[in-house]
>>> print(open('coords.txt').read())   # compact mmCIF, C-alpha atoms
# COMPACT_ATOMS: atom_id res chain seq x y z
CA MET A 1 85.25 74.33 32.75
CA GLU A 2 88.56 76.19 32.32
CA GLY A 3 86.66 79.41 31.65
CA ALA A 4 84.59 79.02 34.84
CA ILE A 5 87.71 78.40 36.95
CA ALA A 6 89.44 81.44 35.39
CA ARG A 7 86.40 83.66 36.12
CA CYS A 8 86.35 82.40 39.75
CA LYS A 9 90.03 83.25 40.12
CA GLU A 10 89.44 86.75 38.72
CA ALA A 11 86.51 87.28 41.08
CA ARG A 12 88.52 86.08 44.11
CA GLU A 13 91.46 88.35 43.23
CA PHE A 14 89.10 91.31 42.73
CA ILE A 15 87.43 90.73 46.12
CA MET A 16 90.78 90.43 47.90
CA ALA A 17 92.43 93.43 46.17
CA GLU A 18 89.51 95.85 45.91
CA CYS A 19 87.27 94.93 48.85
CA MET A 20 89.32 93.28 51.60
CA THR A 21 92.76 94.94 51.42
CA PRO A 22 91.46 98.52 51.89
CA VAL A 23 89.56 97.39 55.00
CA ILE A 24 92.23 95.20 56.56
CA ALA A 25 95.57 94.99 54.78
CA GLU A 26 97.13 92.43 57.13
CA PRO A 27 96.02 90.10 59.90
CA ARG A 28 95.46 91.62 63.33
CA PRO A 29 98.24 90.96 65.87
CA ASP A 30 95.66 89.46 68.26
CA VAL A 31 92.14 88.17 67.96
CA SER A 32 89.21 90.22 69.16
CA LYS A 33 88.70 90.36 72.90
CA TYR A 34 85.32 88.71 72.28
CA ALA A 35 86.73 85.77 70.30
CA PRO A 36 86.81 82.41 72.10
CA ARG A 37 90.25 81.13 73.10
CA ILE A 38 91.72 77.99 74.53
CA ASN A 39 94.89 77.63 76.60
CA PHE A 40 96.53 74.38 77.58
CA MET A 41 98.67 73.54 80.57
CA GLN A 42 100.10 70.36 82.00
CA ILE A 43 100.07 69.36 85.66
CA ASP A 44 101.27 66.33 87.55
CA PRO A 45 98.44 63.75 87.34
CA GLU A 46 98.87 63.23 91.10
CA LYS A 47 97.62 66.83 91.61
CA ILE A 48 94.36 66.45 89.66
CA GLY A 49 92.47 65.74 92.88
CA ASP A 50 93.78 68.99 94.40
CA VAL A 51 92.52 71.00 91.40
CA VAL A 52 89.12 69.30 91.32
CA GLY A 53 88.67 69.34 95.10
CA GLN A 54 86.15 67.44 97.16
CA ARG A 55 83.04 66.87 95.00
CA GLY A 56 84.35 69.41 92.47
CA LYS A 57 84.27 72.29 94.93
CA THR A 58 87.68 73.75 94.01
CA ILE A 59 87.35 73.61 90.23
CA ASN A 60 83.79 74.96 90.39
CA GLU A 61 84.99 77.90 92.48
CA ILE A 62 87.71 78.67 89.91
CA ILE A 63 85.11 78.55 87.13
CA LYS A 64 82.74 80.78 89.12
CA ARG A 65 85.43 83.38 89.88
CA THR A 66 86.93 83.55 86.39
CA GLY A 67 84.04 82.75 84.03
CA VAL A 68 86.00 80.15 82.05
CA ALA A 69 85.42 76.50 81.18
CA ILE A 70 87.99 74.00 82.43
CA ASP A 71 88.52 70.43 81.30
CA ILE A 72 91.07 68.05 82.85
CA ASP A 73 92.28 64.84 81.22
CA ASP A 74 93.51 61.83 83.21
CA ASP A 75 97.09 62.51 82.08
CA GLY A 76 97.08 65.99 83.69
CA LYS A 77 96.44 68.01 80.52
CA ILE A 78 94.17 70.97 81.33
CA SER A 79 92.32 73.06 78.78
CA ILE A 80 91.04 76.48 79.84
CA CYS A 81 88.43 77.92 77.46
CA GLY A 82 86.85 81.35 77.39
CA ASN A 83 86.76 84.70 75.67
CA ASP A 84 88.19 86.79 78.52
CA ALA A 85 92.00 86.73 78.46
CA LYS A 86 92.22 88.03 82.05
CA GLY A 87 89.82 85.39 83.37
CA MET A 88 91.79 82.68 81.59
CA ALA A 89 95.09 83.97 82.99
CA ASP A 90 93.57 84.16 86.50
CA ALA A 91 92.29 80.58 86.24
CA GLN A 92 95.71 79.36 85.09
CA LYS A 93 97.42 81.20 87.96
CA MET A 94 95.00 79.65 90.49
CA ILE A 95 95.69 76.17 89.13
CA GLU A 96 99.44 76.82 89.25
CA ILE A 97 99.16 77.91 92.90
CA ILE A 98 97.05 74.87 93.82
CA THR A 99 99.57 72.49 92.25
CA THR A 100 102.67 74.26 93.59
CA GLU A 101 104.88 72.75 96.23
CA PHE A 102 105.40 75.81 98.42
CA GLU A 103 109.00 76.62 99.23
CA GLU A 104 110.59 79.09 101.57
CA GLY A 105 110.80 82.53 100.01
CA MET A 106 107.80 82.25 97.67
CA VAL A 107 105.82 85.51 97.63
CA LEU A 108 102.05 85.17 97.15
CA ASP A 109 98.99 87.42 97.09
CA GLY A 110 95.84 86.34 98.87
CA THR A 111 92.72 87.30 100.77
CA VAL A 112 92.16 87.11 104.53
CA VAL A 113 89.39 84.52 104.99
CA SER A 114 89.55 83.83 108.71
CA ILE A 115 90.86 85.59 111.80
CA LYS A 116 91.72 83.81 115.03
CA GLU A 117 93.34 85.15 118.19
CA PHE A 118 96.66 83.54 117.19
CA GLY A 119 96.76 84.69 113.54
CA ALA A 120 94.98 84.98 110.22
CA PHE A 121 94.26 82.50 107.45
CA VAL A 122 94.93 83.71 103.92
CA GLU A 123 93.46 82.08 100.80
CA PHE A 124 95.69 82.14 97.68
CA ALA A 125 93.43 80.10 95.41
CA PRO A 126 90.23 78.14 95.99
CA GLY A 127 90.94 75.51 98.62
CA LYS A 128 94.52 76.71 99.22
CA GLU A 129 95.04 78.55 102.50
CA GLY A 130 97.94 79.31 104.80
CA MET A 131 98.28 80.81 108.26
CA VAL A 132 100.08 83.99 109.25
CA HIS A 133 100.91 83.93 112.96
CA ILE A 134 100.12 87.12 114.89
CA SER A 135 103.86 87.67 115.45
CA LYS A 136 104.43 87.67 111.66
CA ILE A 137 101.75 90.23 110.72
CA ALA A 138 103.50 93.51 111.53
CA ASN A 139 106.95 94.83 112.48
CA ARG A 140 105.55 95.93 115.81
CA ARG A 141 103.82 94.03 118.58
CA ILE A 142 100.08 93.83 118.11
CA GLU A 143 97.58 92.73 120.74
CA HIS A 144 94.80 91.63 118.40
CA VAL A 145 94.91 90.48 114.79
CA GLU A 146 91.86 92.67 114.12
CA ASP A 147 93.97 95.76 114.92
CA VAL A 148 95.75 95.22 111.58
CA LEU A 149 93.60 92.89 109.44
CA THR A 150 89.94 92.47 108.60
CA LEU A 151 88.15 89.75 106.66
CA GLY A 152 88.48 90.27 102.92
CA ASP A 153 91.73 92.25 103.08
CA LYS A 154 94.06 91.63 100.13
CA VAL A 155 97.54 90.85 101.47
CA THR A 156 100.96 89.78 100.23
CA VAL A 157 102.80 87.11 102.19
CA VAL A 158 106.02 85.13 101.98
CA CYS A 159 106.31 81.41 102.69
CA LEU A 160 108.54 80.63 105.66
CA GLY A 161 108.44 76.86 105.19
CA LYS A 162 106.66 74.22 107.24
CA ASP A 163 106.03 74.41 110.97
CA ARG A 164 106.60 71.56 113.46
CA MET A 165 103.30 69.94 112.46
CA GLY A 166 104.08 70.04 108.72
CA ARG A 167 101.76 72.96 107.94
CA LEU A 168 102.89 75.90 105.85
CA SER A 169 103.80 79.06 107.69
CA PHE A 170 103.62 82.55 106.15
CA SER A 171 104.70 86.06 107.08
CA MET A 172 103.49 89.51 106.08
CA LYS A 173 106.20 91.51 107.81
CA ASP A 174 109.08 89.76 105.99
CA VAL A 175 107.74 90.22 102.44
CA LYS A 176 109.94 93.24 101.62
CA ASN A 177 113.08 91.23 102.39
CA TYR A 178 112.13 88.53 99.89
CA LYS A 179 110.85 90.84 97.18
CA LYS A 180 114.26 92.47 97.12
CA GLY A 181 115.88 89.07 96.82
CA ASN A 182 117.30 89.05 100.37
CA LYS A 183 116.79 86.03 102.57
>>> encode(input="coords.txt", output="structure tokens")
Amino acid sequence: MEGAIARCKEAREFIMAECMTPVIAEPRPDVSKYAPRINFMQIDPEKIGDVVGQRGKTINEIIKRTGVAIDIDDDGKISICGNDAKGMADAQKMIEIITTEFEEGMVLDGTVVSIKEFGAFVEFAPGKEGMVHISKIANRRIEHVEDVLTLGDKVTVVCLGKDRMGRLSFSMKDVKNYKKGNK
């Protein structure tokens, strides 16, 4: 038995020294871009409904856009699984936006999803939209929102806080002031 164990040890050392080390001397700093990964994040359990959305609409849209698998536990622990690091990061960012309490001065990127005569609605994550009033779109007076924006435009906005009815208000023209740290 001792002889068999000694021969196995010799064989293992030979394989490692003569076969493996010339091919890969040390572990890679990161796994292959095709290797499956899993990231965890924690949210307030009160916000689970916001992430899932009505009949799963919000979470299914995140999955569709990013190509990841998402699992949410009752305690707010979320696991994001996939093999695309960018898709996983995008999904995590969307969930963070959905669960964020927006504050004045927050700068966000979004897509114009609706245009009305009084302003434009911008979506930041599935199920999370805000309105930019026509007076907050440009530094000059504009007659029609369509003169500046079209559906699908990617825009950057800054949160101005809540309006009189408790809805979030955003501005495009004031973004540069907040990006520089001025309020």
>>> residues_around(input="coords.txt", residues="Lys173 (chain A)", least_positions_apart="5", cutoff="6 Å", atoms="only C-alpha atoms", output="list in words")
Lys136, Ile137, Ala138 and Asn139 of chain A
>>> write_last_selection(input="coords.txt", atoms="C-alpha atoms", output="PDB file, in the coordinates of the input")
ATOM      1  CA  LYS A 136     104.430  87.670 111.660  1.00  0.00           C
ATOM      2  CA  ILE A 137     101.750  90.230 110.720  1.00  0.00           C
ATOM      3  CA  ALA A 138     103.500  93.510 111.530  1.00  0.00           C
ATOM      4  CA  ASN A 139     106.950  94.830 112.480  1.00  0.00           C
TER       5      ASN A 139
END
>>> closest_residue(input="coords.txt", among="A:Tyr34, A:Phe102, A:Phe118, A:Phe124", to="Leu168 (chain A)", atoms="all atoms listed in the file")
A:Phe102
>>> atom_distance(input="coords.txt", atom1="CA of Ile134 (chain A)", atom2="CA of Met172 (chain A)")
9.7 Å
>>> atom_distance(input="coords.txt", atom1="CA of Gly56 (chain A)", atom2="CA of Met41 (chain A)")
19.1 Å
>>> closest_residue(input="coords.txt", among="A:Glu143, A:Lys128, A:Val112, A:Ala69", to="Arg167 (chain A)", atoms="all atoms listed in the file")
A:Lys128
>>> closest_residue(input="coords.txt", among="A:Ile78, A:Val31, A:Leu149, A:Val107", to="Pro45 (chain A)", atoms="all atoms listed in the file")
A:Ile78
>>> closest_residue(input="coords.txt", among="A:Arg140, A:Gly105, A:Cys8, A:Lys33", to="Asn177 (chain A)", atoms="all atoms listed in the file")
A:Gly105
>>> residues_around(input="coords.txt", residues="Leu108 (chain A)", least_positions_apart="4", cutoff="9 Å", atoms="all atoms listed in the file", output="PyMOL selection string")
chain A and resi 97+124+155-159
>>> closest_residue(input="coords.txt", among="A:Pro126, A:Gly166, A:Gly110, A:Pro29", to="Ile98 (chain A)", atoms="all atoms listed in the file")
A:Pro126
>>> closest_residue(input="coords.txt", among="A:Asp174, A:Met1, A:Gly127, A:Arg164", to="Lys57 (chain A)", atoms="all atoms listed in the file")
A:Gly127
>>> atom_distance(input="coords.txt", atom1="CA of Met106 (chain A)", atom2="CA of Phe121 (chain A)")
16.7 Å
>>> residues_around(input="coords.txt", residues="Arg65 (chain A)", least_positions_apart="3", cutoff="12 Å", atoms="only C-alpha atoms", output="list of chain:residue names")
A:Thr58, A:Ile59, A:Asn60, A:Glu61, A:Ile62, A:Val68, A:Ala69, A:Lys86, A:Gly87, A:Met88, A:Ala89, A:Asp90, A:Ala91, A:Met94, A:Ala125, A:Pro126
>>> decode(input="coords.txt", residues="region 8-19 of chain A", atoms="all heavy atoms", output="mmCIF file, in the first residue's frame")
data_model
loop_
_atom_site.group_PDB
_atom_site.id
_atom_site.type_symbol
_atom_site.label_atom_id
_atom_site.label_comp_id
_atom_site.auth_asym_id
_atom_site.auth_seq_id
_atom_site.Cartn_x
_atom_site.Cartn_y
_atom_site.Cartn_z
ATOM 1 N N CYS A 8 1.755 7.148 -6.642
ATOM 2 C CA CYS A 8 0.728 8.160 -6.952
ATOM 3 C C CYS A 8 1.266 9.567 -6.701
ATOM 4 O O CYS A 8 1.023 10.482 -7.491
ATOM 5 C CB CYS A 8 -0.535 7.933 -6.121
ATOM 6 S SG CYS A 8 -1.524 6.536 -6.647
ATOM 7 N N LYS A 9 2.005 9.722 -5.623
ATOM 8 C CA LYS A 9 2.581 11.036 -5.314
ATOM 9 C C LYS A 9 3.587 11.438 -6.390
ATOM 10 O O LYS A 9 3.570 12.575 -6.866
ATOM 11 C CB LYS A 9 3.250 11.025 -3.940
ATOM 12 C CG LYS A 9 3.832 12.374 -3.576
ATOM 13 C CD LYS A 9 4.488 12.358 -2.218
ATOM 14 C CE LYS A 9 5.000 13.758 -1.947
ATOM 15 N NZ LYS A 9 6.146 13.803 -1.112
ATOM 16 N N GLU A 10 4.434 10.505 -6.809
ATOM 17 C CA GLU A 10 5.401 10.786 -7.875
ATOM 18 C C GLU A 10 4.690 11.177 -9.167
ATOM 19 O O GLU A 10 5.086 12.130 -9.851
ATOM 20 C CB GLU A 10 6.287 9.558 -8.133
ATOM 21 C CG GLU A 10 7.314 9.277 -7.092
ATOM 22 C CD GLU A 10 8.066 7.978 -7.390
ATOM 23 O OE1 GLU A 10 8.156 7.580 -8.570
ATOM 24 O OE2 GLU A 10 8.551 7.363 -6.431
ATOM 25 N N ALA A 11 3.637 10.450 -9.501
ATOM 26 C CA ALA A 11 2.890 10.729 -10.731
ATOM 27 C C ALA A 11 2.241 12.120 -10.667
ATOM 28 O O ALA A 11 2.282 12.892 -11.626
ATOM 29 C CB ALA A 11 1.840 9.651 -10.960
ATOM 30 N N ARG A 12 1.639 12.459 -9.517
ATOM 31 C CA ARG A 12 0.999 13.764 -9.355
ATOM 32 C C ARG A 12 2.028 14.884 -9.469
ATOM 33 O O ARG A 12 1.815 15.891 -10.153
ATOM 34 C CB ARG A 12 0.274 13.834 -8.006
ATOM 35 C CG ARG A 12 -0.553 15.103 -7.849
ATOM 36 C CD ARG A 12 -1.308 15.160 -6.534
ATOM 37 N NE ARG A 12 -0.372 15.325 -5.429
ATOM 38 C CZ ARG A 12 -0.154 14.441 -4.455
ATOM 39 N NH1 ARG A 12 -0.807 13.292 -4.431
ATOM 40 N NH2 ARG A 12 0.719 14.685 -3.494
ATOM 41 N N GLU A 13 3.183 14.726 -8.828
ATOM 42 C CA GLU A 13 4.230 15.747 -8.896
ATOM 43 C C GLU A 13 4.769 15.893 -10.322
ATOM 44 O O GLU A 13 5.042 16.996 -10.776
ATOM 45 C CB GLU A 13 5.354 15.420 -7.914
ATOM 46 C CG GLU A 13 4.940 15.637 -6.471
ATOM 47 C CD GLU A 13 5.996 15.168 -5.467
ATOM 48 O OE1 GLU A 13 6.974 14.488 -5.872
ATOM 49 O OE2 GLU A 13 5.828 15.486 -4.281
ATOM 50 N N PHE A 14 4.907 14.760 -11.044
ATOM 51 C CA PHE A 14 5.359 14.819 -12.434
ATOM 52 C C PHE A 14 4.352 15.585 -13.292
ATOM 53 O O PHE A 14 4.711 16.463 -14.071
ATOM 54 C CB PHE A 14 5.565 13.396 -12.994
ATOM 55 C CG PHE A 14 5.843 13.389 -14.470
ATOM 56 C CD1 PHE A 14 7.127 13.676 -14.942
ATOM 57 C CD2 PHE A 14 4.837 13.130 -15.387
ATOM 58 C CE1 PHE A 14 7.391 13.685 -16.307
ATOM 59 C CE2 PHE A 14 5.096 13.140 -16.740
ATOM 60 C CZ PHE A 14 6.374 13.417 -17.211
ATOM 61 N N ILE A 15 3.079 15.265 -13.142
ATOM 62 C CA ILE A 15 2.031 15.943 -13.933
ATOM 63 C C ILE A 15 2.041 17.438 -13.646
ATOM 64 O O ILE A 15 1.993 18.257 -14.566
ATOM 65 C CB ILE A 15 0.637 15.331 -13.646
ATOM 66 C CG1 ILE A 15 0.568 13.922 -14.233
ATOM 67 C CG2 ILE A 15 -0.468 16.220 -14.207
ATOM 68 C CD1 ILE A 15 -0.656 13.132 -13.809
ATOM 69 N N MET A 16 2.116 17.815 -12.390
ATOM 70 C CA MET A 16 2.098 19.239 -12.032
ATOM 71 C C MET A 16 3.346 19.960 -12.549
ATOM 72 O O MET A 16 3.254 21.037 -13.133
ATOM 73 C CB MET A 16 1.986 19.417 -10.509
ATOM 74 C CG MET A 16 0.656 18.961 -9.928
ATOM 75 S SD MET A 16 -0.780 19.749 -10.671
ATOM 76 C CE MET A 16 -0.576 21.403 -10.111
ATOM 77 N N ALA A 17 4.529 19.354 -12.360
ATOM 78 C CA ALA A 17 5.783 20.032 -12.723
ATOM 79 C C ALA A 17 6.048 20.016 -14.222
ATOM 80 O O ALA A 17 6.469 21.027 -14.795
ATOM 81 C CB ALA A 17 6.955 19.398 -11.970
ATOM 82 N N GLU A 18 5.803 18.890 -14.870
ATOM 83 C CA GLU A 18 6.187 18.741 -16.274
ATOM 84 C C GLU A 18 5.062 19.055 -17.256
ATOM 85 O O GLU A 18 5.326 19.451 -18.386
ATOM 86 C CB GLU A 18 6.705 17.311 -16.518
ATOM 87 C CG GLU A 18 7.885 16.927 -15.663
ATOM 88 C CD GLU A 18 9.104 17.818 -15.897
ATOM 89 O OE1 GLU A 18 9.354 18.213 -17.053
ATOM 90 O OE2 GLU A 18 9.805 18.109 -14.910
ATOM 91 N N CYS A 19 3.828 18.878 -16.852
ATOM 92 C CA CYS A 19 2.705 19.078 -17.787
ATOM 93 C C CYS A 19 1.954 20.389 -17.535
ATOM 94 O O CYS A 19 1.675 21.131 -18.468
ATOM 95 C CB CYS A 19 1.736 17.901 -17.687
ATOM 96 S SG CYS A 19 2.469 16.312 -18.088
#
